[in-house]
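Working notes, beginning with the structure itself.
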Amino acid sequence: MNDQKKDDFIFGLRPVMEALEAGKTIDKIFVQNALQGEIYIELKQLLAKHQIRPNYVPVEKLNRFTRKNHQGVVAFISDVPFHKIEDILPQLFEAGKTPFILVLDRLTDVRNFGAICRTAECTGVDAVIIPEKGGAPINSDAIKTSAGAIYNIKICKEKNLAHTVDFLQQSGVSVFAATEKAQKLIYDVNFSEPCAIVMGNEETGISKEVMHHADEKIKLPIEGKTQSLNVSVACGAILYEAVRQKLG
């Protein structure tokens with residue numbers, strides 16, 4: 001069953017178009033393969049205007065979302081506003097702040113995402129960057145797990161995380177990639193400068209492309225037989241080491 005709750009989505013060509021025109025944030029949109037017609041062409045143009053990429057799926061998948069007449073279109077709505085890091089970063093520097101950014105590379109577990117956002121908000125993270133595709137949906141479960149923190153932190157959806165990392169670096173932000181394969185411990189790097197911490201997918205970690213662009217690889221010390229921590233727990237430990245350095 002899909003993670004999204006029933007009240008998170010709308011269906012039908014006109015309702016989806018009206019939601020877009022009203023400024024609603026589309027989290028994901030599913031369109032029936034080979035859908036045609038004049039109204040669909042209008043919707044397609046509207047999606048292009050808002051830079052939203054639809055997921056083309058067989059009609060059977062849409063039927064699993066709803067038994068009603070969906071007209072080949074189902075859209076999941078997020079009431080969480082999304083931002084652009086290109087807008088946020090200059091504002092932070094202009095305000096005299098030291099940017100503290102978190103990048104989540106394709107995390108898929110909704111509860112992990114919610115828990116991380118809660119910790120990020122508590123530790124003063126300025127923005128959480130997630131990929132446009134391949135990440136956990138920001139649904140009611142994520143919001144509940146975050147204890148509402150998702151509403152209090154800026155979430156940025158970016159098309160290409162490697163390009164985003166490049167932008168951060170060009171803006172004077174050091175990018176640290178968390179991986180158990182690193183040589184350097186989190187205690188041996190400087191988090192008090194403008195920095196971004198990258199956490200990877202629960203199973204595969206950080207993608208090779210993003211890892212290649214990072215300034216340094218960092219890890220937590222593991223003293224037991226288990227080789228890795230849950231990503232939410234690991235992220236919390238790293239963020240609080242950054243806080244310790246900033247307070248020191």
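Letters A, B, ... mark the chains of the structure tokens in the order given; residue numbers begin at 1 per chain; ligand numbers begin at 1, in order shown.
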
Which neighbours of region 82-91 of chain A fall inside 7 Å, counting only C-alpha atoms, when residues of the same chain fewer than 4 positions from it are skipped, and could you give them as a list in words?
Ala95, Lys154, Ile155, Cys156 and Lys157 of chain A

Write a file of the just-selected residues containing C-alpha atoms, as a compact mmCIF listing (two decimals), in the first residue's frame.
# COMPACT_ATOMS: atom_id res chain seq x y z
CA ALA A 95 22.03 38.06 7.68
CA LYS A 154 13.16 24.97 5.22
CA ILE A 155 12.96 21.94 2.91
CA CYS A 156 14.64 22.31 -0.49
CA LYS A 157 13.83 19.94 -3.36

For the interface of region 106-192 of chain A with region 57-76 of chain A (cut-off 10 Å, counting only C-alpha atoms), please tabulate each contacting residue of region 106-192 of chain A alongside its nearest pair of atoms and their separation in Å to one decimal, rows sorted by chain and increasing number, as a tab-separated table.
residue	atom	partner	partner_atom	distance
A:Pro137	CA	A:Phe76	CA	9.2
A:Ile138	CA	A:Phe76	CA	9.8
A:Asn139	CA	A:Phe76	CA	9.0

So that I can check the surroundings of region 177-181 of chain A, please list as an MDAnalysis selection string every protein, DNA and RNA residue that reaches within 12 Å of it, counting only C-alpha atoms and ignoring chain neighbours fewer than 6 positions away.
chainID A and resid 102:105 162 165 189 195:222 226:231 234:239

Surrounding residues of Ile153 (chain A) excluding itself and chain neighbours under 4 positions, 8 Å, only C-alpha atoms, as a PDB file with N, CA and C atoms, in the first residue's frame:
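result-v2.pdb, written as the output of this step:
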ATOM      1  N   CYS A 117      14.454  15.336  10.404  1.00  0.00           N
ATOM      2  CA  CYS A 117      14.005  16.734  10.360  1.00  0.00           C
ATOM      3  C   CYS A 117      13.796  17.284  11.766  1.00  0.00           C
ATOM      4  N   GLU A 121      15.968  20.454  13.055  1.00  0.00           N
ATOM      5  CA  GLU A 121      15.357  21.690  13.539  1.00  0.00           C
ATOM      6  C   GLU A 121      15.876  22.014  14.949  1.00  0.00           C
ATOM      7  N   VAL A 125      19.756  23.568  12.118  1.00  0.00           N
ATOM      8  CA  VAL A 125      20.036  23.432  10.685  1.00  0.00           C
ATOM      9  C   VAL A 125      19.191  24.453   9.919  1.00  0.00           C
ATOM     10  N   ASP A 126      19.813  25.141   8.975  1.00  0.00           N
ATOM     11  CA  ASP A 126      19.127  26.201   8.234  1.00  0.00           C
ATOM     12  C   ASP A 126      18.249  25.678   7.101  1.00  0.00           C
ATOM     13  N   ALA A 127      18.638  24.557   6.513  1.00  0.00           N
ATOM     14  CA  ALA A 127      17.859  24.001   5.401  1.00  0.00           C
ATOM     15  C   ALA A 127      18.193  22.525   5.242  1.00  0.00           C
ATOM     16  N   VAL A 128      17.178  21.752   4.870  1.00  0.00           N
ATOM     17  CA  VAL A 128      17.359  20.334   4.548  1.00  0.00           C
ATOM     18  C   VAL A 128      17.120  20.184   3.051  1.00  0.00           C
ATOM     19  N   ALA A 149       8.163  19.404  13.261  1.00  0.00           N
ATOM     20  CA  ALA A 149       9.369  20.180  12.959  1.00  0.00           C
ATOM     21  C   ALA A 149       9.502  20.485  11.472  1.00  0.00           C
TER      22      ALA A 149
END

Separation of CA of Val80 (chain A) from CA of Ile26 (chain A), in Å and rounded to one decimal:
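So the two atoms, CA of Val80 (chain A) and CA of Ile26 (chain A), lie 9.8 Å apart.
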
Determine the nearest neighbour of Lys97 (chain A) from the options A:Lys159, A:Leu168, A:Gly114, A:Gly124, counting only C-alpha atoms.
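So, comparing all the options, the nearest one is A:Gly124.
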
Tell me, which residues of region 92-208 of chain A carry DSSP strand (DSSP E), written as a PyMOL selection string?
chain A and resi 100-104+127-131+154-158+174-178+184-185+195-199

For C-alpha atoms, I'd like the residues from the last selection saved as a PDB file, in the first residue's frame.
ATOM      1  CA  PHE A 100      24.475  24.945   8.451  1.00  0.00           C
ATOM      2  CA  ILE A 101      22.929  22.684   5.784  1.00  0.00           C
ATOM      3  CA  LEU A 102      21.826  19.049   5.733  1.00  0.00           C
ATOM      4  CA  VAL A 103      21.661  17.059   2.474  1.00  0.00           C
ATOM      5  CA  LEU A 104      19.671  13.801   2.435  1.00  0.00           C
ATOM      6  CA  ALA A 127      17.859  24.001   5.401  1.00  0.00           C
ATOM      7  CA  VAL A 128      17.359  20.334   4.548  1.00  0.00           C
ATOM      8  CA  ILE A 129      18.034  19.472   0.897  1.00  0.00           C
ATOM      9  CA  ILE A 130      16.369  16.443  -0.684  1.00  0.00           C
ATOM     10  CA  PRO A 131      16.262  15.160  -4.282  1.00  0.00           C
ATOM     11  CA  LYS A 154      13.162  24.971   5.216  1.00  0.00           C
ATOM     12  CA  ILE A 155      12.962  21.938   2.910  1.00  0.00           C
ATOM     13  CA  CYS A 156      14.645  22.309  -0.493  1.00  0.00           C
ATOM     14  CA  LYS A 157      13.831  19.944  -3.357  1.00  0.00           C
ATOM     15  CA  GLU A 158      16.617  19.924  -5.949  1.00  0.00           C
ATOM     16  CA  SER A 174      32.328  22.891   2.926  1.00  0.00           C
ATOM     17  CA  VAL A 175      30.557  19.610   2.173  1.00  0.00           C
ATOM     18  CA  PHE A 176      31.108  16.592   4.442  1.00  0.00           C
ATOM     19  CA  ALA A 177      29.882  13.158   3.313  1.00  0.00           C
ATOM     20  CA  ALA A 178      29.052  10.686   6.084  1.00  0.00           C
ATOM     21  CA  LYS A 184      38.460  10.767   9.268  1.00  0.00           C
ATOM     22  CA  LEU A 185      36.256  10.869  12.374  1.00  0.00           C
ATOM     23  CA  CYS A 195      29.141  23.555   6.140  1.00  0.00           C
ATOM     24  CA  ALA A 196      26.787  20.966   4.712  1.00  0.00           C
ATOM     25  CA  ILE A 197      26.534  17.385   5.957  1.00  0.00           C
ATOM     26  CA  VAL A 198      25.423  14.682   3.514  1.00  0.00           C
ATOM     27  CA  MET A 199      23.623  11.553   4.736  1.00  0.00           C
TER      28      MET A 199
END

Pull the alpha helix (DSSP H) assignments for region 6-234 of chain A out of DSSP run on the backbone, and list those residues as a count of residues only.
77

What gap, in Å, lies between CA of Asn55 (chain A) and CA of Thr164 (chain A)?
22.7 Å

For a test of reading the model, state the distance in Å between CA of Glu18 (chain A) and CA of Leu46 (chain A), rounded to one decimal.
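Between these atoms lies a distance of 10.2 Å.
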